[in-house]
>>> print(open('data-v2.txt').read())   # compact mmCIF, C-alpha atoms and all ligand atoms
# COMPACT_ATOMS: atom_id res chain seq x y z
CA ALA A 1219 -54.91 -43.82 -15.08
CA ILE A 1220 -54.35 -40.79 -17.29
CA GLY A 1221 -58.03 -40.97 -18.25
CA ARG A 1222 -59.04 -40.78 -14.60
CA HIS A 1223 -56.77 -37.83 -13.97
CA VAL A 1224 -58.10 -36.08 -17.04
CA ALA A 1225 -61.65 -36.70 -15.83
CA GLN A 1226 -60.75 -35.27 -12.42
CA ILE A 1227 -59.10 -32.24 -13.93
CA THR A 1228 -61.94 -31.63 -16.37
CA ALA A 1229 -64.39 -31.72 -13.46
CA MET A 1230 -62.53 -28.88 -11.71
CA THR A 1231 -63.38 -25.21 -11.99
CA PRO A 1232 -60.89 -23.12 -14.03
CA ALA A 1233 -59.63 -21.60 -10.76
CA GLU A 1234 -58.99 -25.06 -9.29
CA GLN A 1235 -57.25 -26.12 -12.49
CA ARG A 1236 -55.04 -23.06 -12.36
CA SER A 1237 -54.15 -23.75 -8.72
CA LEU A 1238 -52.47 -27.00 -9.87
CA ILE A 1239 -50.14 -25.13 -12.22
CA CYS A 1240 -46.74 -24.08 -10.94
CA ALA A 1241 -46.78 -20.34 -10.12
CA ASP A 1242 -43.71 -19.77 -12.34
CA ASP A 1243 -45.55 -21.22 -15.35
CA LEU A 1244 -48.93 -19.60 -14.72
CA PRO A 1245 -48.29 -16.26 -16.49
CA GLY A 1246 -47.04 -18.18 -19.54
CA PHE A 1247 -50.10 -20.41 -19.39
CA GLU A 1248 -52.45 -17.39 -19.32
CA ARG A 1249 -50.62 -15.88 -22.30
CA TYR A 1250 -50.93 -19.24 -24.07
CA LEU A 1251 -54.73 -19.24 -23.64
CA GLU A 1252 -55.06 -15.55 -24.54
CA GLY A 1253 -53.09 -16.26 -27.71
CA PHE A 1254 -56.08 -18.19 -29.10
CA SER A 1255 -58.12 -14.99 -29.47
CA ASN A 1256 -56.37 -14.36 -32.78
CA ALA A 1257 -55.34 -17.92 -33.73
CA ARG A 1258 -55.89 -19.24 -37.23
CA ASP A 1259 -58.09 -22.32 -37.69
CA ASN A 1260 -55.37 -24.89 -38.27
CA GLU A 1261 -52.73 -23.35 -36.06
CA VAL A 1262 -51.39 -25.72 -33.40
CA ARG A 1263 -50.08 -23.91 -30.35
CA GLU A 1264 -47.86 -25.63 -27.86
CA MET A 1265 -46.38 -25.00 -24.40
CA GLU A 1266 -44.67 -26.80 -21.53
CA PHE A 1267 -45.69 -26.31 -17.91
CA ARG A 1268 -45.60 -27.99 -14.52
CA ILE A 1269 -48.56 -29.16 -12.47
CA ARG A 1270 -48.65 -30.58 -8.98
CA ASP A 1271 -49.70 -34.20 -8.70
CA ARG A 1272 -51.48 -35.70 -5.71
CA ALA A 1273 -48.17 -36.46 -4.00
CA ARG A 1274 -47.46 -32.69 -4.36
CA ARG A 1275 -44.60 -33.35 -6.80
CA TRP A 1276 -44.09 -31.11 -9.81
CA TRP A 1277 -44.77 -32.86 -13.06
CA TRP A 1278 -43.86 -31.53 -16.52
CA LEU A 1279 -46.57 -31.62 -19.16
CA ASN A 1280 -46.73 -30.52 -22.77
CA ILE A 1281 -49.98 -29.15 -24.09
CA ARG A 1282 -50.83 -28.80 -27.80
CA SER A 1283 -54.10 -27.12 -28.69
CA LYS A 1284 -56.00 -25.73 -31.65
CA VAL A 1285 -59.26 -23.92 -32.29
CA PHE A 1286 -62.23 -26.29 -31.96
CA ARG A 1287 -65.27 -24.03 -32.24
CA ARG A 1288 -65.98 -20.40 -33.02
CA GLY A 1289 -69.08 -18.38 -32.11
CA ALA A 1290 -71.33 -16.66 -34.66
CA ASP A 1291 -69.09 -13.54 -34.41
CA GLY A 1292 -66.01 -15.65 -35.30
CA ARG A 1293 -64.53 -15.48 -31.80
CA VAL A 1294 -62.95 -18.65 -30.45
CA VAL A 1295 -65.21 -20.23 -27.83
CA GLU A 1296 -63.62 -23.66 -27.49
CA ILE A 1297 -60.21 -25.18 -28.04
CA ILE A 1298 -59.22 -28.81 -28.21
CA SER A 1299 -56.04 -29.93 -26.48
CA SER A 1300 -53.87 -32.98 -26.13
CA VAL A 1301 -51.59 -33.23 -23.11
CA GLN A 1302 -48.42 -35.28 -23.04
CA ASP A 1303 -46.28 -36.38 -20.10
CA TYR A 1304 -42.92 -34.57 -20.48
CA GLN A 1305 -41.42 -35.53 -17.13
CA LYS A 1306 -38.88 -38.02 -18.54
CA LYS A 1307 -37.96 -35.68 -21.39
CA LYS A 1308 -37.34 -32.84 -18.91
CA GLU A 1309 -35.30 -35.11 -16.62
CA ASN A 1310 -33.14 -36.14 -19.57
CA GLU A 1311 -32.67 -32.52 -20.61
CA GLU A 1312 -31.62 -31.74 -17.04
CA LYS A 1313 -29.08 -34.59 -17.12
CA VAL A 1314 -27.65 -33.31 -20.41
CA ARG A 1315 -27.38 -29.81 -18.87
CA GLU A 1316 -25.64 -31.20 -15.78
CA ASN A 1317 -23.21 -33.12 -17.99
CA GLU A 1318 -22.41 -29.93 -19.90
CA ILE A 1319 -21.78 -28.07 -16.63
CA MET A 1320 -19.54 -30.93 -15.42
CA LYS A 1321 -17.56 -30.80 -18.66
CA THR A 1322 -17.04 -27.03 -18.38
CA LEU A 1323 -15.95 -27.45 -14.76
CA LEU A 1324 -13.47 -30.16 -15.71
CA VAL A 1325 -12.00 -27.96 -18.44
CA LYS A 1326 -11.75 -25.09 -15.91
CA LYS A 1327 -10.06 -27.43 -13.43
CA ASP A 1328 -7.57 -28.57 -16.09
CA ASP A 1329 -6.83 -24.94 -17.00
CA PHE A 1330 -6.28 -24.12 -13.35
CA MET A 1331 -4.04 -27.17 -12.80
CA SER A 1332 -1.87 -26.07 -15.69
CA VAL A 1333 -1.63 -22.47 -14.34
CA ALA A 1334 -0.88 -23.81 -10.84
CA SER A 1335 1.83 -26.22 -12.01
CA HIS A 1336 3.47 -23.50 -14.07
CA GLU A 1337 3.32 -21.01 -11.19
CA LEU A 1338 4.78 -23.56 -8.75
CA LYS A 1339 7.45 -24.70 -11.16
CA THR A 1340 8.89 -21.21 -11.68
CA PRO A 1341 10.05 -20.57 -8.09
CA ILE A 1342 11.11 -24.20 -7.63
CA THR A 1343 13.34 -23.98 -10.73
CA THR A 1344 14.90 -20.74 -9.43
CA LEU A 1345 15.32 -22.35 -6.02
CA LYS A 1346 17.12 -25.31 -7.55
CA ALA A 1347 19.41 -23.00 -9.55
CA SER A 1348 20.27 -21.03 -6.38
CA LEU A 1349 21.08 -24.25 -4.50
CA GLN A 1350 23.32 -25.54 -7.32
CA LEU A 1351 25.15 -22.21 -7.47
CA LEU A 1352 25.45 -22.21 -3.70
CA LYS A 1353 27.01 -25.69 -3.75
CA ARG A 1354 29.55 -24.65 -6.40
CA GLN A 1355 30.46 -21.46 -4.51
CA VAL A 1356 30.89 -23.38 -1.24
CA GLU A 1357 33.17 -25.89 -3.06
CA LYS A 1358 35.19 -22.98 -4.43
CA GLY A 1359 35.45 -21.51 -0.93
CA GLU A 1360 33.70 -18.23 -1.93
CA GLY A 1361 33.21 -15.37 0.53
CA GLU A 1362 30.35 -15.29 3.01
CA ASP A 1363 28.50 -12.33 1.40
CA LEU A 1364 27.84 -14.16 -1.83
CA LEU A 1365 26.71 -17.27 0.03
CA VAL A 1366 24.32 -15.29 2.25
CA ASN A 1367 22.92 -13.62 -0.86
CA LEU A 1368 22.25 -16.96 -2.52
CA ILE A 1369 20.66 -18.36 0.62
CA GLN A 1370 18.39 -15.30 0.81
CA ARG A 1371 17.29 -15.84 -2.77
CA ALA A 1372 16.58 -19.50 -2.07
CA GLU A 1373 14.58 -18.51 1.00
CA GLN A 1374 12.49 -16.02 -1.00
CA GLN A 1375 11.59 -18.63 -3.60
CA THR A 1376 10.71 -21.12 -0.85
CA ASN A 1377 8.40 -18.52 0.72
CA LYS A 1378 6.72 -18.03 -2.65
CA VAL A 1379 5.99 -21.75 -2.91
CA ILE A 1380 4.74 -21.89 0.69
CA ARG A 1381 2.38 -18.95 0.05
CA MET A 1382 0.98 -20.64 -3.05
CA VAL A 1383 0.48 -23.98 -1.31
CA ASN A 1384 -1.22 -22.16 1.60
CA ASP A 1385 -3.56 -20.45 -0.87
CA LEU A 1386 -4.39 -23.80 -2.48
CA MET A 1387 -5.15 -25.28 0.93
CA ASP A 1388 -7.27 -22.27 2.00
CA ASN A 1389 -9.17 -22.51 -1.27
CA THR A 1390 -10.10 -26.12 -0.48
CA LYS A 1391 -11.01 -25.20 3.10
CA ILE A 1392 -13.35 -22.49 1.82
CA ARG A 1393 -15.04 -24.90 -0.59
CA THR A 1394 -15.59 -27.44 2.16
CA GLY A 1395 -16.62 -24.81 4.75
CA LYS A 1396 -13.71 -25.70 7.04
CA ILE A 1397 -12.37 -22.23 7.90
CA VAL A 1398 -13.08 -21.45 11.53
CA LEU A 1399 -12.06 -18.06 12.90
CA ASP A 1400 -10.17 -17.81 16.17
CA ILE A 1401 -11.58 -14.50 17.40
CA ARG A 1402 -9.69 -12.65 20.14
CA SER A 1403 -9.19 -9.08 21.21
CA CYS A 1404 -6.18 -7.79 19.21
CA ASN A 1405 -4.17 -4.67 18.57
CA LEU A 1406 -4.36 -3.52 14.93
CA GLU A 1407 -0.96 -1.82 15.18
CA ILE A 1408 0.63 -5.23 15.90
CA ILE A 1409 -1.35 -6.94 13.13
CA ILE A 1410 -0.11 -4.34 10.61
CA GLN A 1411 3.45 -4.69 11.92
CA GLU A 1412 3.40 -8.47 11.52
CA ALA A 1413 1.82 -8.27 8.06
CA LEU A 1414 4.63 -5.89 7.03
CA GLU A 1415 7.20 -8.42 8.24
CA GLN A 1416 5.81 -10.96 5.73
CA ILE A 1417 6.51 -8.57 2.85
CA SER A 1418 9.86 -8.20 1.16
CA THR A 1419 10.13 -5.09 -1.00
CA ASP A 1420 12.35 -2.11 -1.62
CA LYS A 1421 9.30 0.17 -1.94
CA GLU A 1422 8.43 2.46 0.92
CA ILE A 1423 5.24 1.39 2.72
CA VAL A 1424 3.64 4.46 4.27
CA VAL A 1425 1.34 3.58 7.18
CA TYR A 1426 -1.36 5.89 8.62
CA ASN A 1427 -3.14 4.12 11.45
CA THR A 1428 -5.49 6.07 13.71
CA VAL A 1429 -7.13 3.01 15.31
CA THR A 1430 -6.10 2.72 18.94
CA GLN A 1431 -8.85 0.59 20.49
CA PRO A 1432 -8.57 -3.22 20.39
CA ILE A 1433 -10.50 -5.12 17.71
CA GLU A 1434 -12.06 -8.58 17.97
CA VAL A 1435 -10.70 -10.56 15.02
CA ASP A 1436 -8.73 -13.63 14.01
CA LYS A 1437 -5.29 -12.06 14.16
CA LEU A 1438 -3.49 -14.38 11.74
CA ARG A 1439 -6.31 -14.21 9.18
CA VAL A 1440 -6.40 -10.38 9.26
CA GLU A 1441 -2.60 -10.35 8.87
CA GLN A 1442 -3.10 -12.61 5.85
CA ILE A 1443 -5.63 -10.19 4.29
CA VAL A 1444 -3.41 -7.15 4.89
CA ALA A 1445 -0.33 -8.99 3.55
CA ASN A 1446 -2.30 -10.07 0.48
CA PHE A 1447 -3.50 -6.50 -0.30
CA LEU A 1448 0.02 -5.14 0.30
CA GLY A 1449 1.64 -7.91 -1.76
CA ASN A 1450 -0.69 -7.18 -4.69
CA ALA A 1451 -0.14 -3.40 -4.38
CA ILE A 1452 3.61 -4.00 -4.59
CA LYS A 1453 3.39 -6.59 -7.38
CA TYR A 1454 1.08 -4.55 -9.60
CA SER A 1455 2.99 -1.26 -9.25
CA PRO A 1456 6.47 -2.24 -10.51
CA ASP A 1457 7.51 1.35 -11.26
CA ALA A 1458 6.14 3.11 -8.18
CA ALA A 1459 8.26 4.10 -5.19
CA HIS A 1460 5.67 3.62 -2.48
CA VAL A 1461 2.32 2.21 -1.41
CA VAL A 1462 0.05 3.63 1.31
CA LEU A 1463 -1.77 1.69 4.02
CA ARG A 1464 -4.49 3.48 5.97
CA ALA A 1465 -6.53 2.29 8.95
CA VAL A 1466 -9.35 4.38 10.38
CA ASP A 1467 -12.05 3.97 12.99
CA GLU A 1468 -15.58 4.23 11.53
CA GLY A 1469 -17.79 3.75 14.58
CA GLN A 1470 -18.67 0.06 14.78
CA PHE A 1471 -16.11 -0.82 12.09
CA VAL A 1472 -12.47 -0.24 11.23
CA LYS A 1473 -11.67 0.44 7.59
CA ILE A 1474 -8.31 -0.62 6.21
CA SER A 1475 -7.21 0.40 2.73
CA VAL A 1476 -4.14 -0.12 0.59
CA GLN A 1477 -3.43 2.35 -2.18
CA ASP A 1478 -0.94 1.81 -5.00
CA PHE A 1479 0.19 3.87 -7.97
CA GLY A 1480 0.51 1.02 -10.43
CA VAL A 1481 -1.06 -0.57 -13.48
CA GLY A 1482 -4.69 -0.24 -12.24
CA ILE A 1483 -7.58 -2.40 -13.42
CA PRO A 1484 -9.76 -1.85 -16.52
CA LYS A 1485 -13.36 -0.90 -15.63
CA GLU A 1486 -14.91 -3.97 -17.27
CA LYS A 1487 -12.71 -6.31 -15.18
CA LEU A 1488 -13.45 -4.69 -11.81
CA PRO A 1489 -16.67 -6.67 -11.10
CA HIS A 1490 -14.75 -9.99 -11.31
CA ILE A 1491 -11.65 -9.04 -9.39
CA PHE A 1492 -12.62 -10.92 -6.18
CA ASP A 1493 -13.78 -14.05 -8.07
CA GLN A 1494 -12.09 -17.42 -7.57
CA PHE A 1495 -9.23 -18.02 -10.07
CA TYR A 1496 -9.82 -14.61 -11.73
CA ARG A 1497 -6.71 -12.86 -13.05
CA ALA A 1498 -7.16 -9.51 -14.79
CA GLU A 1499 -3.49 -9.13 -15.72
CA LEU A 1500 -2.28 -12.10 -17.75
CA SER A 1501 1.05 -10.61 -18.83
CA PRO A 1502 3.96 -12.91 -17.94
CA ARG A 1503 5.41 -9.98 -15.94
CA PHE A 1504 2.99 -10.93 -13.13
CA SER A 1505 2.65 -14.35 -11.59
CA GLY A 1506 -0.26 -15.59 -9.48
CA LEU A 1507 -3.02 -18.14 -9.04
CA GLY A 1508 -5.96 -15.73 -8.90
CA LEU A 1509 -6.83 -16.96 -5.41
CA GLY A 1510 -5.50 -14.27 -3.05
CA LEU A 1511 -8.38 -11.78 -3.34
CA PHE A 1512 -10.97 -14.56 -3.39
CA ILE A 1513 -9.61 -15.96 -0.11
CA ALA A 1514 -9.34 -12.45 1.39
CA SER A 1515 -12.97 -11.68 0.47
CA GLU A 1516 -14.16 -14.92 2.09
CA LEU A 1517 -12.18 -14.18 5.28
CA ILE A 1518 -13.60 -10.63 5.42
CA GLU A 1519 -17.15 -11.97 5.02
CA LEU A 1520 -16.57 -14.55 7.76
CA HIS A 1521 -15.64 -11.64 10.06
CA GLY A 1522 -18.84 -9.80 9.06
CA GLY A 1523 -16.98 -7.08 7.16
CA SER A 1524 -17.25 -5.71 3.63
CA TYR A 1525 -14.72 -4.99 0.88
CA GLY A 1526 -14.21 -3.22 -2.42
CA VAL A 1527 -11.84 -1.53 -4.81
CA GLN A 1528 -11.48 1.77 -6.67
CA SER A 1529 -9.13 1.68 -9.60
CA GLU A 1530 -8.13 3.53 -12.74
CA GLU A 1531 -6.08 1.94 -15.47
CA GLY A 1532 -2.56 3.31 -15.54
CA VAL A 1533 -3.13 5.40 -12.40
CA GLY A 1534 -3.47 2.88 -9.56
CA SER A 1535 -5.84 1.06 -7.25
CA THR A 1536 -7.16 1.31 -3.71
CA PHE A 1537 -8.34 -1.96 -2.18
CA TRP A 1538 -10.27 -1.56 1.09
CA PHE A 1539 -12.06 -3.70 3.64
CA THR A 1540 -13.92 -3.21 6.89
CA LEU A 1541 -14.10 -5.34 10.04
CA PRO A 1542 -16.57 -5.04 12.92
CA ILE A 1543 -14.68 -3.83 16.00
CA ARG A 1544 -16.65 -6.15 18.29
CA GLN A 1545 -18.10 -9.45 17.17
CA GLN A 1546 -21.13 -9.16 19.47
CA ASP A 1547 -22.12 -5.96 17.59
CA ARG A 1548 -22.72 -8.09 14.52
CA SER A 1549 -26.11 -9.23 15.75
CA LEU A 1550 -27.13 -5.55 16.00
CA THR A 1551 -26.03 -4.68 12.49
CA PHE A 1552 -27.61 -7.63 10.67
P1 LIG B 1601 -3.05 -13.08 -8.24
O1 LIG B 1601 -2.44 -14.27 -7.57
O2 LIG B 1601 -3.24 -13.28 -9.72
O3 LIG B 1601 -2.37 -11.79 -7.91
P2 LIG B 1601 -5.33 -12.13 -6.70
O4 LIG B 1601 -6.58 -12.87 -6.35
O5 LIG B 1601 -4.51 -11.60 -5.60
O6 LIG B 1601 -4.52 -13.09 -7.67
O7 LIG B 1601 -5.76 -10.94 -7.66
C1 LIG B 1601 -6.61 -11.20 -8.75
C2 LIG B 1601 -6.29 -10.29 -9.90
O8 LIG B 1601 -6.62 -8.94 -9.54
C3 LIG B 1601 -4.82 -10.25 -10.28
O9 LIG B 1601 -4.52 -11.26 -11.21
C4 LIG B 1601 -4.68 -8.86 -10.86
O10 LIG B 1601 -5.02 -8.88 -12.23
C5 LIG B 1601 -5.72 -8.03 -10.13
N1 LIG B 1601 -5.14 -7.22 -9.04
C6 LIG B 1601 -5.09 -7.52 -7.74
N2 LIG B 1601 -4.53 -6.52 -7.02
C7 LIG B 1601 -4.21 -5.55 -7.91
C8 LIG B 1601 -3.60 -4.25 -7.80
N3 LIG B 1601 -3.21 -3.74 -6.62
N4 LIG B 1601 -3.44 -3.53 -8.95
C9 LIG B 1601 -3.86 -4.04 -10.14
N5 LIG B 1601 -4.43 -5.25 -10.30
C10 LIG B 1601 -4.61 -5.99 -9.21
>>> encode(input="data-v2.txt", output="structure tokens", more="lines below")
Ligand code: ADP
Amino acid sequence: AIGRHVAQITAMTPAEQRSLICADDLPGFERYLEGFSNARDNEVREMEFRIRDRARRWWWLNIRSKVFRRGADGRVVEIISSVQDYQKKKENEEKVRENEIMKTLLVKKDDFMSVASHELKTPITTLKASLQLLKRQVEKGEGEDLLVNLIQRAEQQTNKVIRMVNDLMDNTKIRTGKIVLDIRSCNLEIIIQEALEQISTDKEIVVYNTVTQPIEVDKLRVEQIVANFLGNAIKYSPDAAHVVLRAVDEGQFVKISVQDFGVGIPKEKLPHIFDQFYRAELSPRFSGLGLGLFIASELIELHGGSYGVQSEEGVGSTFWFTLPIRQQDRSLTF
């Protein structure tokens, strides 16, 4: 069968032969042929390329050629080639590559599981300690203030766990494409107010909001984004007294930004900051799963908005995002 194919191919014009070669491999193939103009007599030159078979499938071949005949001036006028079927070899290489990728992914998953279990264990341990202390104080008949304080601490730790579990669940929903926005006309003022209620901090949160018109968004999801940006601003600025939230109208979009005066982010880490599981700050001072910004960026994209960050190490960061004011305007902007 190979003989018949070879006969068919040999009968073709060079242009027809070239039209069988995969466009990605053609430049390499031309260079391969040109390379014979200064080849030595016994030099064997080799390359791999794909051709299309009659069923229009790509098929890997390996060609090995050497100089067969030179003209009177010494220039190469003919080469002799042998062509080998490399399809199986390429498929095996592909399988090996896929296995390598799988292995790296499994290692990444293990790493993440160990970060996640550690991050979940910390608040749960504190929660358990608060509950034990609470029980002892109740048995001793302690005053109400102390009990309320312990209950508040327990509640805070519970909220931390809930937030982490929610992030884990959102992460899975993103991977499986299961996040559906519930878009309604909303008041940004109220969204900001409700995001602020999710935050517990002794820092001052300064709010400048000049957006008065309603926006068409998924209210709970936008609250989640704002609370995530605010939570990070607070977490990563342990020594600062305040953070600033701004919301402005920019024509078809609103732009919301959160500025902090904290640790900042090194320049080389900025491009990865919205990646899944990425954590720039690994010091044990800061806890986290590296999912918050990833989830926020996905939610912003689902709304048709954009996002970004300006940051300087040791000075602070400003995280911002935009949202289209009306969802029907999206078709005009894309
Ligand atoms: P995490 O749960 O680790 O906080 P995020 O996805 O929210 O995860 O953020 C990813 C990483 O980005 C963080 O680990 C941190 O290094 C960095 N980061 C996020 N917000 C800020 C900020 N306001 N200032 C400095 N670094 C930040």
>>> residues_near_ligand(input="data-v2.txt", ligand="ligand LIG 1601 (chain B)", cutoff="10 Å", atoms="all atoms listed in the file", output="NGL selection string")
:A and (1337 or 1382 or 1385 or 1446-1455 or 1461 or 1476-1484 or 1487-1488 or 1490-1501 or 1504-1515 or 1527-1537)
>>> closest_residue(input="data-v2.txt", among="A:Ile1443, A:Leu1463, A:Leu1438, A:Leu1364", to="Asp1400 (chain A)", atoms="all atoms listed in the file")
A:Leu1438
>>> atom_distance(input="data-v2.txt", atom1="CA of Gly1361 (chain A)", atom2="CA of Lys1378 (chain A)")
26.8 Å
>>> axis_aligned_box(input="data-v2.txt", around="region 1453-1462 of chain A", padding_each_side="5 Å", output="JSON")
{"center_x": 4.2, "center_y": -1.2, "center_z": -5.0, "size_x": 18.2, "size_y": 20.7, "size_z": 22.6}
>>> closest_residue(input="data-v2.txt", among="A:His1521, A:Arg1263, A:Lys1346, A:Arg1287", to="Gln1375 (chain A)", atoms="all atoms listed in the file")
A:Lys1346
>>> residues_near_point(input="data-v2.txt", point="(-4.8, 3.7, 13.3)", cutoff="12 Å", atoms="only C-alpha atoms", output="list in words")
Asn1405, Leu1406, Glu1407, Ile1408, Ile1409, Ile1410, Gln1411, Val1425, Tyr1426, Asn1427, Thr1428, Val1429, Thr1430, Gln1431, Pro1432, Ile1433, Leu1463, Arg1464, Ala1465, Val1466, Asp1467, Glu1468, Val1472, Lys1473, Ile1474 and Ser1475 of chain A
>>> residues_around(input="data-v2.txt", residues="Glu1266 (chain A)", least_positions_apart="4", cutoff="10 Å", atoms="all atoms listed in the file", output="PyMOL selection string")
chain A and resi 1243+1246-1247+1278-1282+1301-1304+1308
>>> atom_distance(input="data-v2.txt", atom1="CA of Lys1326 (chain A)", atom2="CA of Asn1389 (chain A)")
15.1 Å
>>> atom_distance(input="data-v2.txt", atom1="CA of Leu1349 (chain A)", atom2="CA of Ala1413 (chain A)")
28.0 Å
